[in-house]
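Participant: Supplied structure: model18.txt, compact mmCIF, C-alpha atoms.
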```
# COMPACT_ATOMS: atom_id res chain seq x y z
CA MET A 1 -14.80 9.70 -17.48
CA THR A 2 -16.14 11.21 -14.26
CA ASP A 3 -16.61 9.03 -11.20
CA GLU A 4 -20.36 9.43 -11.49
CA LYS A 5 -20.43 8.15 -15.06
CA LEU A 6 -17.99 5.39 -14.23
CA VAL A 7 -20.18 4.17 -11.37
CA GLU A 8 -23.26 4.38 -13.56
CA ALA A 9 -21.56 2.30 -16.26
CA LEU A 10 -20.28 -0.24 -13.72
CA LYS A 11 -23.80 -0.67 -12.37
CA LYS A 12 -24.89 -1.56 -15.90
CA GLY A 13 -22.12 -4.16 -16.16
CA ASP A 14 -20.16 -2.22 -18.76
CA GLN A 15 -16.94 -4.17 -19.48
CA ASN A 16 -15.10 -1.08 -20.65
CA ALA A 17 -15.93 0.69 -17.40
CA PHE A 18 -14.52 -2.26 -15.50
CA LYS A 19 -11.29 -2.03 -17.48
CA ILE A 20 -10.99 1.69 -16.74
CA LEU A 21 -11.61 1.07 -13.06
CA TYR A 22 -9.19 -1.83 -12.94
CA ASP A 23 -6.35 -0.05 -14.72
CA GLU A 24 -6.74 2.96 -12.44
CA TYR A 25 -7.05 1.20 -9.13
CA ALA A 26 -5.43 -2.25 -9.33
CA PRO A 27 -1.84 -0.98 -8.89
CA LYS A 28 -2.91 1.22 -5.97
CA ILE A 29 -4.83 -1.59 -4.31
CA TYR A 30 -1.92 -3.96 -4.80
CA GLY A 31 0.33 -1.58 -2.86
CA ILE A 32 -2.18 -1.43 0.00
CA LEU A 33 -2.55 -5.20 0.13
CA LYS A 34 1.19 -5.62 0.25
CA ASN A 35 1.06 -4.14 3.75
CA TYR A 36 -0.99 -7.01 5.03
CA VAL A 37 -0.91 -10.01 2.71
CA ARG A 38 1.71 -12.69 2.18
CA PRO A 39 3.30 -12.49 -1.27
CA ASN A 40 1.88 -15.83 -2.38
CA GLU A 41 -1.66 -14.67 -1.56
CA LEU A 42 -1.57 -11.23 -3.15
CA GLU A 43 -3.25 -12.40 -6.33
CA ASP A 44 -6.19 -13.93 -4.43
CA ALA A 45 -6.50 -10.85 -2.23
CA LEU A 46 -6.51 -8.50 -5.20
CA GLN A 47 -9.19 -10.59 -6.87
CA GLU A 48 -11.26 -10.51 -3.68
CA VAL A 49 -11.11 -6.73 -3.55
CA PHE A 50 -12.45 -6.43 -7.09
CA VAL A 51 -15.13 -9.04 -6.49
CA ARG A 52 -16.29 -6.99 -3.46
CA ILE A 53 -16.20 -3.79 -5.51
CA LEU A 54 -18.28 -5.29 -8.31
CA LYS A 55 -20.76 -6.86 -5.87
CA GLY A 56 -21.04 -3.69 -3.85
CA ILE A 57 -21.18 -1.12 -6.63
CA ASN A 58 -24.98 -1.30 -6.88
CA ASN A 59 -25.17 -0.13 -3.28
CA PHE A 60 -22.64 2.66 -3.73
CA GLU A 61 -24.55 5.88 -3.23
CA GLY A 62 -21.73 8.37 -3.55
CA ARG A 63 -21.73 9.46 0.08
CA SER A 64 -17.93 9.22 -0.04
CA LYS A 65 -15.63 9.58 -3.02
CA LEU A 66 -15.38 6.47 -5.19
CA SER A 67 -11.64 6.27 -4.49
CA THR A 68 -12.21 6.43 -0.71
CA TRP A 69 -14.81 3.66 -0.92
CA ILE A 70 -12.45 1.48 -2.98
CA TYR A 71 -9.47 2.10 -0.72
CA ARG A 72 -11.57 1.18 2.30
CA ILE A 73 -12.53 -2.13 0.73
CA ALA A 74 -8.85 -2.82 0.01
CA VAL A 75 -7.82 -2.01 3.59
CA ASN A 76 -10.61 -4.22 4.96
CA VAL A 77 -9.61 -7.17 2.78
CA GLY A 78 -5.97 -6.68 3.79
CA LYS A 79 -6.88 -6.57 7.46
CA ASP A 80 -8.98 -9.74 7.10
CA TYR A 81 -5.92 -11.56 5.78
CA SER A 82 -3.73 -10.10 8.52
CA ARG A 83 -6.20 -11.18 11.23
CA ASN A 84 -6.20 -14.71 9.85
CA TYR A 85 -2.42 -14.81 10.05
CA SER A 86 -2.59 -13.69 13.68
CA LYS A 87 -5.03 -16.53 14.43
CA GLU A 88 -2.65 -19.03 12.82
CA ILE A 89 0.17 -17.81 15.05
CA GLU A 90 -2.00 -17.90 18.17
CA ARG A 91 -3.33 -21.39 17.42
CA PRO A 92 -1.36 -23.88 19.53
CA MET A 93 0.52 -26.45 17.55
CA ASP A 94 -0.85 -29.97 18.00
CA LEU A 95 2.24 -32.15 17.98
CA ASP A 96 0.19 -35.37 17.98
CA SER A 97 -1.83 -34.45 14.95
CA GLU A 98 -1.02 -36.33 11.79
CA GLU A 99 -2.67 -33.73 9.62
CA PRO A 100 -0.24 -31.59 7.70
CA GLU A 101 -0.12 -27.85 8.34
CA THR A 102 -2.58 -26.12 6.07
CA TYR A 103 -0.27 -23.23 5.28
CA ASN A 104 3.35 -22.55 4.79
CA VAL A 105 5.29 -19.38 4.39
CA GLN A 106 6.45 -19.04 0.83
CA PRO A 107 9.70 -17.33 0.02
CA VAL A 108 9.25 -13.88 -1.38
CA SER A 109 9.46 -14.04 -5.11
CA ASP A 110 9.70 -10.73 -6.83
CA THR A 111 9.98 -9.88 -10.43
CA ASN A 112 12.93 -8.08 -11.90
CA VAL A 113 10.75 -5.02 -12.34
CA LYS A 114 11.28 -3.99 -8.74
CA LYS A 115 14.99 -4.58 -8.96
CA GLU A 116 15.24 -2.52 -12.11
CA VAL A 117 13.43 0.37 -10.47
CA PHE A 118 15.86 0.60 -7.61
CA ASN A 119 19.53 0.79 -8.38
CA GLU A 120 21.11 1.84 -5.16
CA LEU A 121 19.71 -0.73 -2.77
CA SER A 122 19.02 -4.41 -2.94
CA TYR A 123 15.37 -5.35 -2.77
CA GLU A 124 16.15 -7.42 0.33
CA MET A 125 17.42 -4.30 2.06
CA ILE A 126 14.29 -2.40 1.08
CA LEU A 127 12.15 -5.14 2.59
CA GLU A 128 14.29 -5.16 5.72
CA ILE A 129 13.84 -1.40 6.16
CA MET A 130 10.14 -1.21 5.26
CA GLU A 131 9.19 -4.15 7.44
CA GLN A 132 10.48 -2.35 10.51
CA LEU A 133 7.45 -0.09 10.10
CA ASP A 134 4.11 -1.46 11.23
CA GLU A 135 1.11 -1.99 8.94
CA ASP A 136 -0.53 1.34 9.78
CA GLU A 137 2.70 3.26 9.33
CA ARG A 138 3.27 1.76 5.89
CA LEU A 139 -0.36 2.37 4.93
CA LEU A 140 -0.18 6.06 5.87
CA ILE A 141 3.07 6.57 3.96
CA LYS A 142 1.60 4.83 0.93
CA LEU A 143 -1.64 6.84 0.95
CA ARG A 144 0.01 10.19 1.54
CA ASP A 145 3.46 10.08 -0.04
CA ILE A 146 2.68 7.86 -3.04
CA ASP A 147 -1.02 8.29 -3.75
CA GLY A 148 -1.10 11.91 -2.59
CA LEU A 149 -4.39 11.66 -0.71
CA SER A 150 -5.56 14.38 1.67
CA TYR A 151 -5.36 13.85 5.42
CA ASN A 152 -9.16 13.78 5.57
CA GLU A 153 -9.41 11.02 2.97
CA ILE A 154 -6.72 9.04 4.74
CA ALA A 155 -8.57 9.37 8.05
CA GLU A 156 -11.72 8.00 6.42
CA ILE A 157 -9.89 5.13 4.72
CA ALA A 158 -7.80 4.13 7.72
CA ASP A 159 -10.72 4.70 10.10
CA LEU A 160 -8.59 6.89 12.34
CA PRO A 161 -9.18 10.37 13.76
CA LEU A 162 -7.59 13.16 11.72
CA GLY A 163 -5.17 14.11 14.50
CA THR A 164 -4.05 10.50 14.83
CA VAL A 165 -3.37 10.29 11.10
CA LYS A 166 -1.21 13.40 11.23
CA SER A 167 0.77 12.34 14.28
CA LYS A 168 1.18 8.72 13.14
CA LEU A 169 2.32 9.81 9.69
CA HIS A 170 4.80 12.24 11.20
CA TYR A 171 6.19 9.48 13.38
CA ALA A 172 6.29 6.99 10.48
CA ARG A 173 8.20 9.39 8.23
CA LYS A 174 10.62 10.17 11.02
CA LYS A 175 11.14 6.47 11.69
CA LEU A 176 11.75 5.71 8.01
CA LYS A 177 14.15 8.64 7.71
CA LYS A 178 16.09 7.31 10.69
CA LEU A 179 16.20 3.82 9.17
CA ILE A 180 17.56 5.21 5.90
CA GLU A 181 20.20 7.18 7.78
CA GLU A 182 21.15 4.22 9.94
CA ALA A 183 21.59 2.07 6.85
CA ASN A 184 24.37 4.48 5.82
CA LEU A 185 22.83 5.05 2.44
CA ILE A 186 23.60 8.75 2.35
CA MET J 1 20.38 16.03 10.87
CA ASN J 2 19.58 19.04 13.03
CA ASN J 3 16.07 20.23 13.89
CA THR J 4 15.98 22.86 11.14
CA ASP J 5 16.94 20.31 8.49
CA GLU J 6 14.43 17.87 9.84
CA GLN J 7 11.64 20.45 9.68
CA MET J 8 12.73 21.23 6.13
CA TRP J 9 12.43 17.54 5.32
CA PHE J 10 8.88 17.29 6.73
CA ASP J 11 7.85 20.49 4.95
CA PHE J 12 9.13 19.07 1.68
CA LEU J 13 7.14 15.85 2.14
CA ASP J 14 4.02 17.91 2.79
CA GLY J 15 4.56 19.95 -0.35
CA LYS J 16 5.41 23.16 1.48
CA LEU J 17 8.91 23.30 0.00
CA LYS J 18 10.25 22.54 -3.46
CA GLU J 19 13.17 20.20 -4.05
CA SER J 20 15.29 23.16 -5.15
CA GLN J 21 14.84 24.69 -1.70
CA LEU J 22 16.41 21.73 0.05
CA ASP J 23 20.05 21.46 0.99
CA GLU J 24 22.19 18.67 -0.46
CA HIS J 25 21.66 16.26 2.42
CA CYS J 26 17.89 16.71 2.46
CA ARG J 27 17.72 16.32 -1.31
CA LYS J 28 19.60 13.01 -1.20
CA LEU J 29 17.42 11.82 1.65
CA ALA J 30 14.28 12.78 -0.24
CA ASN J 31 15.42 10.90 -3.34
CA LEU J 32 16.21 7.78 -1.35
CA TYR J 33 12.94 8.03 0.56
CA TYR J 34 10.85 8.18 -2.60
CA GLN J 35 12.87 5.54 -4.42
CA LEU J 36 12.53 3.21 -1.47
CA ILE J 37 8.79 3.56 -0.97
CA ASN J 38 8.05 3.52 -4.70
CA CYS J 39 10.04 0.34 -5.06
CA TYR J 40 8.46 -1.30 -2.02
CA PHE J 41 4.92 -0.55 -3.17
CA SER J 42 5.51 -1.26 -6.85
CA CYS J 43 3.48 -4.08 -8.28
CA GLU J 44 4.01 -7.11 -10.42
CA LYS J 45 2.38 -6.62 -13.77
CA SER J 46 1.85 -10.35 -14.20
CA ILE J 47 -0.34 -10.48 -11.10
CA LEU J 48 -2.38 -7.51 -12.28
CA GLU J 49 -2.92 -9.15 -15.67
CA ASN J 50 -3.83 -12.54 -14.15
CA VAL J 51 -6.46 -11.05 -11.89
CA LYS J 52 -7.87 -8.89 -14.67
CA LEU J 53 -8.34 -11.95 -16.86
CA LYS J 54 -9.88 -14.00 -14.04
CA ILE J 55 -12.44 -11.33 -13.19
CA ALA J 56 -13.26 -10.61 -16.82
CA SER J 57 -13.90 -14.31 -17.41
CA GLN J 58 -16.24 -14.45 -14.40
CA GLU J 59 -18.41 -11.58 -15.56
```
Spit out the file's structure as C-alpha cells when you get a sec.
Facilitator:
Amino acid sequence: MTDEKLVEALKKGDQNAFKILYDEYAPKIYGILKNYVRPNELEDALQEVFVRILKGINNFEGRSKLSTWIYRIAVNVGKDYSRNYSKEIERPMDLDSEEPETYNVQPVSDTNVKKEVFNELSYEMILEIMEQLDEDERLLIKLRDIDGLSYNEIAEIADLPLGTVKSKLHYARKKLKKLIEEANLI
Amino acid sequence: MNNTDEQMWFDFLDGKLKESQLDEHCRKLANLYYQLINCYFSCEKSILENVKLKIASQE
C-alpha cells in the first residue's frame, strides 16, 4: 500500500490500515523512545505516539513524507518525557513533606529476546556502552545506521541543520567505535 | 586503528564500501557495532502487542 493510500484509509478510520501502520512503525518508534524514556514508561509513551498519530492524521497534508512526520512525533513525545525527568531532578527535595515521592526509578527489566540476539556481550554491558552516548547521538545512529534514513530526513526529524547532523553522526560513530575498542571486545 | 582504517570504517557505515572490502579488524568492528546497536534498539514484542490491543480497543 502506498503512503498516500494508507493515509487516506487511516483518515477513514480503517482498522486494517491502522494495523499496517502499527506493524511497520511501532518497532521503529519503540527504538526512538528508548533514547528518552524510562523502561517502565515505554508502553505509555508508545501508546501516546500512536494516539497523536491517529488524532493528527486528518491534518496530515503530505508536505513531508509520512515516515518523517511519524518519526518527528515520536521524537517529540520522547523529548517531552525527557524534559519531565529533568524537571524532577531539578525540583528540590522537600525533606519535611510527608507526601511520598510520586515516581521511582524502576530496575531495567528486559526480555530474553534481547539477550538471545546478542551472544558476545551481556545486555548490561551494551547498556553501559550505549548510555555513554547522549540522546542525540543515539538518535542519529538509530536513524541512520538502523533505519537507513537519508541525512536530509534525519535533519528534518531531529530538527537540526544538515551539517550538524553529519558532524554529530560522525562524532557519535567515532565515540561508539572507541567505546567498543576500549571494552576489549575485538 | 590508523587513519586509513578509520576512514575505511566510516566509508563502510555510509555504504561506500562493501564488507568484503574491509580488513579483518574493520570487519570485526563492523559486526560488533551492528550487533550492539541492533540489540540496544530491539524491542519487546509484549509491549508492542499490549499497546496495539489498547489502541484497537479505544477506536
Participant: Would you list the contacts of Ala30 (chain J) as an NGL selection string, taking every protein, DNA or RNA residue within 10 Å and counting only C-alpha atoms, but skipping same-chain residues closer than 2 positions in sequence?
Facilitator: (:A and (177)) or (:J and (9-10 or 12-13 or 19 or 22 or 24-28 or 32-36))
Participant: Looking at only C-alpha atoms, which of J:Asp23, J:Asn2, J:Phe41, J:Asp11 is the one that sits closest to chain A?
Facilitator: J:Phe41
Participant: Using all atoms listed in the file for the distances, tell me which of A:Ile180, A:Met1, A:Ala172, A:Ile146 is nearest to Gly31 (chain A).
Facilitator: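 So, comparing all the options, the nearest one is A:Ile146.
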Participant: Nearest residue to chain J out of A:Val75, A:Ala155, A:Leu169, A:Leu160, using only C-alpha atoms?
Facilitator: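 Looking at the shortest contact to chain J, the residue is A:Leu169.
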Participant: Using all atoms listed in the file, what does the table of chain J residues within 6 Å of chain A look like, with each row giving the shortest atom pair and its distance in Å to one decimal, sorted by chain and ascending number, as a Markdown table?
Facilitator:
```
| residue | atom | partner | partner_atom | distance |
| --- | --- | --- | --- | --- |
| J:Cys39 | CA | A:Lys114 | CA | 5.8 |
| J:Phe41 | CA | A:Gly31 | CA | 4.7 |
| J:Ile47 | CA | A:Glu43 | CA | 5.9 |
| J:Val51 | CA | A:Gln47 | CA | 5.7 |
```
Participant: To one decimal place, how far is CA of Leu66 (chain A) from CA of Tyr81 (chain A) in Å?
Facilitator: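 If I compute the distance from CA of Leu66 (chain A) to CA of Tyr81 (chain A), I get 23.1 Å.
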Participant: Calculate how many Å separate CA of Ala17 (chain A) from CA of Ile37 (chain J), rounding to one decimal.
Facilitator: 29.8 Å
Participant: Rounded to one decimal in Å, what is the spacing between CA of Lys168 (chain A) and CA of Glu137 (chain A)?
Facilitator: 6.8 Å
Participant: Starting from 3 Å padding per side, set up an axis-aligned box that covers all listed atoms of region 32-51 of chain A and hand over centre and edge lengths in Å, one decimal, as lines of an AutoDock Vina configuration file.
Facilitator:
```
center_x = -5.9
center_y = -8.6
center_z = -1.0
size_x = 24.4
size_y = 20.4
size_z = 18.1
```
Participant: Using all atoms listed in the file, which protein or nucleic acid residues come within 7 Å of Tyr36 (chain A)? Drop anything in the same chain fewer than 4 positions from it, and give the result as a count of residues only.
Facilitator: 5
Participant: Could you give me, as an NGL selection string, the residues that sit within 12 Å of (-10.9, 3.5, 6.8) in the file's coordinates, counting all atoms listed in the file?
Facilitator: :A and (64 or 67-79 or 136 or 139-140 or 143 or 151-162 or 165)
Participant: With all atoms listed in the file as the atoms that count, which of J:Leu29, J:Asp14, J:Gln21, J:Leu48 lies nearest to Leu179 (chain A)?
Facilitator: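 Selected residue with least distance to Leu179 (chain A): J:Leu29.
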